file protein_13.tsv (TSV, C-alpha atoms)
chain	number	residue	atom	x	y	z
A	1	MET	CA	0.00	0.00	0.00
A	2	ARG	CA	2.85	2.34	0.84
A	3	LEU	CA	4.44	1.70	-2.63
A	4	PHE	CA	1.19	2.69	-4.35
A	5	ALA	CA	0.92	5.87	-2.29
A	6	THR	CA	4.51	6.82	-3.19
A	7	ALA	CA	3.89	6.14	-6.90
A	8	GLN	CA	0.65	8.10	-6.78
A	9	ASN	CA	2.39	11.14	-5.36
A	10	ASN	CA	4.93	11.45	-8.21
A	11	GLY	CA	2.54	10.64	-11.11
A	12	THR	CA	3.92	7.17	-11.86
A	13	ALA	CA	0.59	5.51	-11.05
A	14	ALA	CA	-1.19	7.58	-13.68
A	15	TRP	CA	1.49	6.71	-16.23
A	16	CYS	CA	1.25	2.98	-15.38
A	17	LEU	CA	-2.55	3.03	-15.67
A	18	LEU	CA	-2.29	4.73	-19.06
A	19	VAL	CA	0.18	2.08	-20.32
A	20	VAL	CA	-2.01	-0.76	-19.02
A	21	ALA	CA	-5.11	0.75	-20.64
A	22	ALA	CA	-3.27	1.10	-23.97
A	23	LEU	CA	-2.10	-2.52	-23.85
A	24	VAL	CA	-5.60	-3.76	-23.09
A	25	ALA	CA	-7.00	-1.71	-25.98
A	26	CYS	CA	-4.39	-3.05	-28.42
A	27	THR	CA	-4.85	-6.69	-27.48
A	28	SER	CA	-8.63	-6.53	-27.54
A	29	SER	CA	-8.67	-5.11	-31.08
A	30	ASN	CA	-7.93	-8.61	-32.47
A	31	SER	CA	-11.40	-9.79	-31.51
A	32	THR	CA	-13.85	-11.45	-33.89
A	33	THR	CA	-15.00	-8.07	-35.18
A	34	PRO	CA	-14.20	-7.92	-38.91
A	35	SER	CA	-11.69	-5.29	-39.97
A	36	PRO	CA	-13.15	-2.33	-41.83
A	37	SER	CA	-10.90	-2.93	-44.84
A	38	GLY	CA	-12.14	-6.52	-45.39
A	39	PRO	CA	-10.06	-9.52	-46.46
A	40	ASN	CA	-6.52	-9.15	-47.76
A	41	TYR	CA	-7.05	-9.87	-51.48
A	42	CYS	CA	-4.04	-10.77	-53.61
A	43	SER	CA	-3.11	-7.89	-55.87
A	44	THR	CA	-0.48	-6.84	-58.38
A	45	GLY	CA	-1.07	-3.13	-57.79
A	46	THR	CA	-2.48	-2.68	-61.29
A	47	GLN	CA	-5.37	-3.89	-63.43
A	48	LEU	CA	-4.69	-7.16	-65.22
A	49	VAL	CA	-6.43	-8.43	-68.33
A	50	LEU	CA	-6.23	-12.02	-69.55
A	51	PHE	CA	-4.43	-11.92	-72.91
A	52	PHE	CA	-3.92	-15.61	-73.70
A	53	PRO	CA	-5.94	-17.74	-73.65
A	54	GLN	CA	-8.29	-15.07	-74.87
A	55	PRO	CA	-11.33	-14.69	-72.58
A	56	GLY	CA	-14.16	-16.95	-73.72
A	57	SER	CA	-11.89	-19.00	-76.00
A	58	ARG	CA	-11.27	-22.73	-76.14
A	59	VAL	CA	-7.67	-23.92	-76.11
A	60	LEU	CA	-5.98	-27.28	-76.00
A	61	ALA	CA	-5.58	-28.69	-72.51
A	62	SER	CA	-1.85	-28.99	-73.24
A	63	THR	CA	-1.56	-25.19	-72.94
A	64	ARG	CA	1.11	-24.54	-70.30
A	65	THR	CA	1.45	-20.73	-70.34
A	66	ILE	CA	-1.07	-18.02	-69.49
A	67	TYR	CA	-0.35	-14.41	-70.49
A	68	VAL	CA	-1.79	-11.32	-68.84
A	69	VAL	CA	-1.32	-7.69	-69.78
A	70	SER	CA	-1.44	-4.54	-67.66
A	71	ASP	CA	-1.20	-0.83	-68.30
A	72	TYR	CA	1.96	-0.46	-66.18
A	73	ALA	CA	4.42	-2.61	-64.28
A	74	ILE	CA	3.09	-4.69	-61.42
A	75	ALA	CA	3.96	-3.44	-57.96
A	76	THR	CA	4.16	-6.71	-56.02
A	77	GLU	CA	5.20	-10.29	-56.52
A	78	ALA	CA	2.17	-12.33	-57.42
A	79	GLY	CA	1.11	-15.42	-59.25
A	80	LEU	CA	-1.75	-16.79	-61.29
A	81	ALA	CA	-4.02	-19.71	-60.59
A	82	ALA	CA	-6.34	-21.31	-63.15
A	83	VAL	CA	-9.27	-22.52	-61.07
A	84	SER	CA	-11.58	-25.10	-62.63
A	85	GLU	CA	-15.28	-24.44	-62.18
A	86	ASN	CA	-15.45	-28.00	-60.78
A	87	ALA	CA	-12.98	-27.14	-57.99
A	88	LYS	CA	-14.13	-27.95	-54.49
A	89	PRO	CA	-14.31	-25.08	-51.97
A	90	GLY	CA	-11.09	-24.86	-49.99
A	91	GLU	CA	-9.16	-26.92	-52.55
A	92	LYS	CA	-5.46	-26.02	-52.65
A	93	LEU	CA	-4.63	-23.77	-55.59
A	94	ASP	CA	-1.77	-24.47	-57.95
A	95	VAL	CA	-0.15	-21.00	-58.10
A	96	HIS	CA	2.40	-20.11	-60.78
A	97	ASP	CA	4.60	-17.03	-60.36
A	98	LEU	CA	4.22	-14.18	-62.82
A	99	ALA	CA	7.36	-13.53	-64.84
A	100	GLY	CA	8.09	-10.37	-66.71
A	101	PRO	CA	7.74	-8.01	-68.17
A	102	VAL	CA	8.00	-10.29	-71.21
A	103	GLY	CA	7.59	-9.58	-74.90
A	104	ALA	CA	4.20	-9.80	-76.53
A	105	PRO	CA	3.40	-13.45	-77.26
A	106	THR	CA	3.27	-14.69	-80.85
A	107	PRO	CA	0.99	-17.47	-82.08
A	108	THR	CA	2.61	-20.82	-82.73
A	109	PRO	CA	1.62	-22.76	-85.85
A	110	ALA	CA	-0.99	-25.42	-85.24
A	111	PRO	CA	0.12	-29.04	-85.68
A	112	SER	CA	-1.38	-30.53	-88.85
A	113	GLY	CA	-4.91	-31.76	-88.35
A	114	ARG	CA	-5.32	-29.76	-85.14
A	115	PRO	CA	-7.52	-26.72	-84.54
A	116	PRO	CA	-5.77	-23.38	-85.19
A	117	PRO	CA	-4.41	-21.54	-82.15
A	118	THR	CA	-6.52	-18.83	-80.58
A	119	ALA	CA	-5.88	-15.53	-82.33
A	120	PHE	CA	-4.31	-12.87	-80.12
A	121	PRO	CA	-6.57	-9.89	-79.45
A	122	SER	CA	-5.48	-6.29	-79.86
A	123	PRO	CA	-3.72	-5.27	-76.66
A	124	PRO	CA	-6.18	-3.29	-74.51
A	125	PHE	CA	-3.89	-0.51	-73.27
A	126	GLY	CA	-2.47	0.89	-76.53
A	127	MET	CA	1.17	1.90	-76.16
A	128	ASN	CA	1.29	1.14	-72.42
A	129	ASN	CA	0.97	-2.66	-72.65
A	130	VAL	CA	3.13	-4.59	-70.20
A	131	PHE	CA	2.98	-8.38	-70.66
A	132	TYR	CA	3.55	-11.05	-67.99
A	133	ASP	CA	3.33	-14.80	-68.18
A	134	ALA	CA	2.94	-17.69	-65.80
A	135	THR	CA	4.08	-21.13	-66.95
A	136	GLY	CA	3.73	-24.73	-65.85
A	137	PHE	CA	-0.05	-25.13	-65.83
A	138	HIS	CA	-1.51	-28.65	-66.03
A	139	LEU	CA	-5.01	-28.12	-67.36
A	140	LYS	CA	-7.64	-30.83	-67.70
A	141	GLY	CA	-9.48	-31.40	-70.97
A	142	HIS	CA	-13.10	-30.35	-71.37
A	143	ALA	CA	-13.04	-27.95	-68.40
A	144	THR	CA	-13.78	-24.29	-67.84
A	145	TYR	CA	-11.22	-22.21	-65.96
A	146	LYS	CA	-11.29	-18.85	-64.23
A	147	VAL	CA	-7.92	-17.11	-63.82
A	148	SER	CA	-7.19	-15.50	-60.45
A	149	VAL	CA	-4.38	-13.43	-59.00
A	150	ALA	CA	-2.94	-15.46	-56.15
A	151	GLY	CA	0.08	-15.40	-53.90
A	152	SER	CA	2.23	-18.41	-53.20
A	153	GLY	CA	2.46	-18.61	-49.42
A	154	SER	CA	1.58	-14.95	-48.85
A	155	GLY	CA	-1.69	-15.60	-47.02
A	156	CYS	CA	-3.70	-13.34	-49.32
A	157	VAL	CA	-7.14	-14.28	-50.65
A	158	PRO	CA	-7.10	-15.17	-54.40
A	159	HIS	CA	-8.82	-12.52	-56.50
A	160	PRO	CA	-10.43	-13.46	-59.86
A	161	ILE	CA	-9.44	-11.33	-62.85
A	162	HIS	CA	-12.61	-9.79	-64.29
A	163	GLY	CA	-13.72	-11.71	-67.41
A	164	ALA	CA	-10.74	-14.10	-67.33
A	165	ILE	CA	-12.57	-17.32	-68.20
A	166	PHE	CA	-11.60	-19.87	-70.85
A	167	SER	CA	-12.33	-23.51	-71.69
A	168	THR	CA	-10.13	-26.42	-72.71
A	169	LEU	CA	-10.45	-29.01	-75.44
A	170	ARG	CA	-8.80	-32.41	-75.37
A	171	ARG	CA	-5.09	-32.95	-74.81
A	172	PHE	CA	-2.72	-33.83	-77.62
call {"tool": "encode", "arguments": {"input": "protein_13.tsv", "output": "structure tokens"}}
result
Amino acid sequence: MRLFATAQNNGTAAWCLLVVAALVACTSSNSTTPSPSGPNYCSTGTQLVLFFPQPGSRVLASTRTIYVVSDYAIATEAGLAAVSENAKPGEKLDVHDLAGPVGAPTPTPAPSGRPPPTAFPSPPFGMNNVFYDATGFHLKGHATYKVSVAGSGSGCVPHPIHGAIFSTLRRF
């Protein structure tokens, strides 16, 4: 009791109470109340548009590279995931790192007897096109995919690219 009285006389008690109140406020802010900013969505810091496969197109399931284009360089490290519409909720995503900037892709000739490759669209950003690619995809035949921005191990929530949907044909 005497220690408290001594601390109260020189203002230390008020300082200690202020520190304790601040600590309690900081630790209680991690409650179940959702944060006002919402979930931490994966982002590149710029708008991305699916370039190849062209949105709405059908490509061979043997396609291994997906190209996206932006109007300026991406600000963070990110990856792409091609999520099948048959994917189960909570299924682990196969994320492939974005590489680039890379040159604009060029169509490859179709093997004889095969469907022609998807034509490349006109780049959407005029002179400011910056291309990126992600390689190593293992797509299934006869499936529809939605392309999302995702982070490998970053803990962010995958974010679908607006309109980035394509379908696959058989493998060859």
call {"tool": "atom_distance", "arguments": {"input": "protein_13.tsv", "atom1": "CA of Pro89 in chain A", "atom2": "CA of Gly141 in chain A"}}
result
20.6 Å
call {"tool": "residues_around", "arguments": {"input": "protein_13.tsv", "residues": "Ala150 in chain A", "least_positions_apart": "6", "cutoff": "10 Å", "atoms": "all atoms listed in the file", "output": "tab-separated table (two decimals) with C-alpha atoms, keeping the file's coordinate frame"}}
result
chain	number	residue	atom	x	y	z
A	41	TYR	CA	-7.05	-9.87	-51.48
A	42	CYS	CA	-4.04	-10.77	-53.61
A	43	SER	CA	-3.11	-7.89	-55.87
A	44	THR	CA	-0.48	-6.84	-58.38
A	77	GLU	CA	5.20	-10.29	-56.52
A	78	ALA	CA	2.17	-12.33	-57.42
A	79	GLY	CA	1.11	-15.42	-59.25
A	80	LEU	CA	-1.75	-16.79	-61.29
A	81	ALA	CA	-4.02	-19.71	-60.59
A	82	ALA	CA	-6.34	-21.31	-63.15
A	93	LEU	CA	-4.63	-23.77	-55.59
A	94	ASP	CA	-1.77	-24.47	-57.95
A	95	VAL	CA	-0.15	-21.00	-58.10
A	96	HIS	CA	2.40	-20.11	-60.78
A	97	ASP	CA	4.60	-17.03	-60.36
A	98	LEU	CA	4.22	-14.18	-62.82
A	156	CYS	CA	-3.70	-13.34	-49.32
A	157	VAL	CA	-7.14	-14.28	-50.65
A	158	PRO	CA	-7.10	-15.17	-54.40
A	159	HIS	CA	-8.82	-12.52	-56.50
A	160	PRO	CA	-10.43	-13.46	-59.86
call {"tool": "closest_residue", "arguments": {"input": "protein_13.tsv", "among": "A:Val59, A:Asp71, A:Tyr145, A:Thr65", "to": "Pro124 in chain A", "atoms": "only C-alpha atoms"}}
result
A:Asp71
call {"tool": "residues_around", "arguments": {"input": "protein_13.tsv", "residues": "Asn86 in chain A", "least_positions_apart": "5", "cutoff": "12 Å", "atoms": "all atoms listed in the file", "output": "tab-separated table (two decimals) with C-alpha atoms, in the frame of the given file"}}
result
chain	number	residue	atom	x	y	z
A	91	GLU	CA	-9.16	-26.92	-52.55
A	140	LYS	CA	-7.64	-30.83	-67.70
A	142	HIS	CA	-13.10	-30.35	-71.37
A	143	ALA	CA	-13.04	-27.95	-68.40
A	144	THR	CA	-13.78	-24.29	-67.84
A	145	TYR	CA	-11.22	-22.21	-65.96
A	146	LYS	CA	-11.29	-18.85	-64.23
call {"tool": "atom_distance", "arguments": {"input": "protein_13.tsv", "atom1": "CA of Leu139 in chain A", "atom2": "CA of Ile161 in chain A"}}
result
17.9 Å
call {"tool": "atom_distance", "arguments": {"input": "protein_13.tsv", "atom1": "CA of Ala134 in chain A", "atom2": "CA of Pro55 in chain A"}}
result
16.1 Å
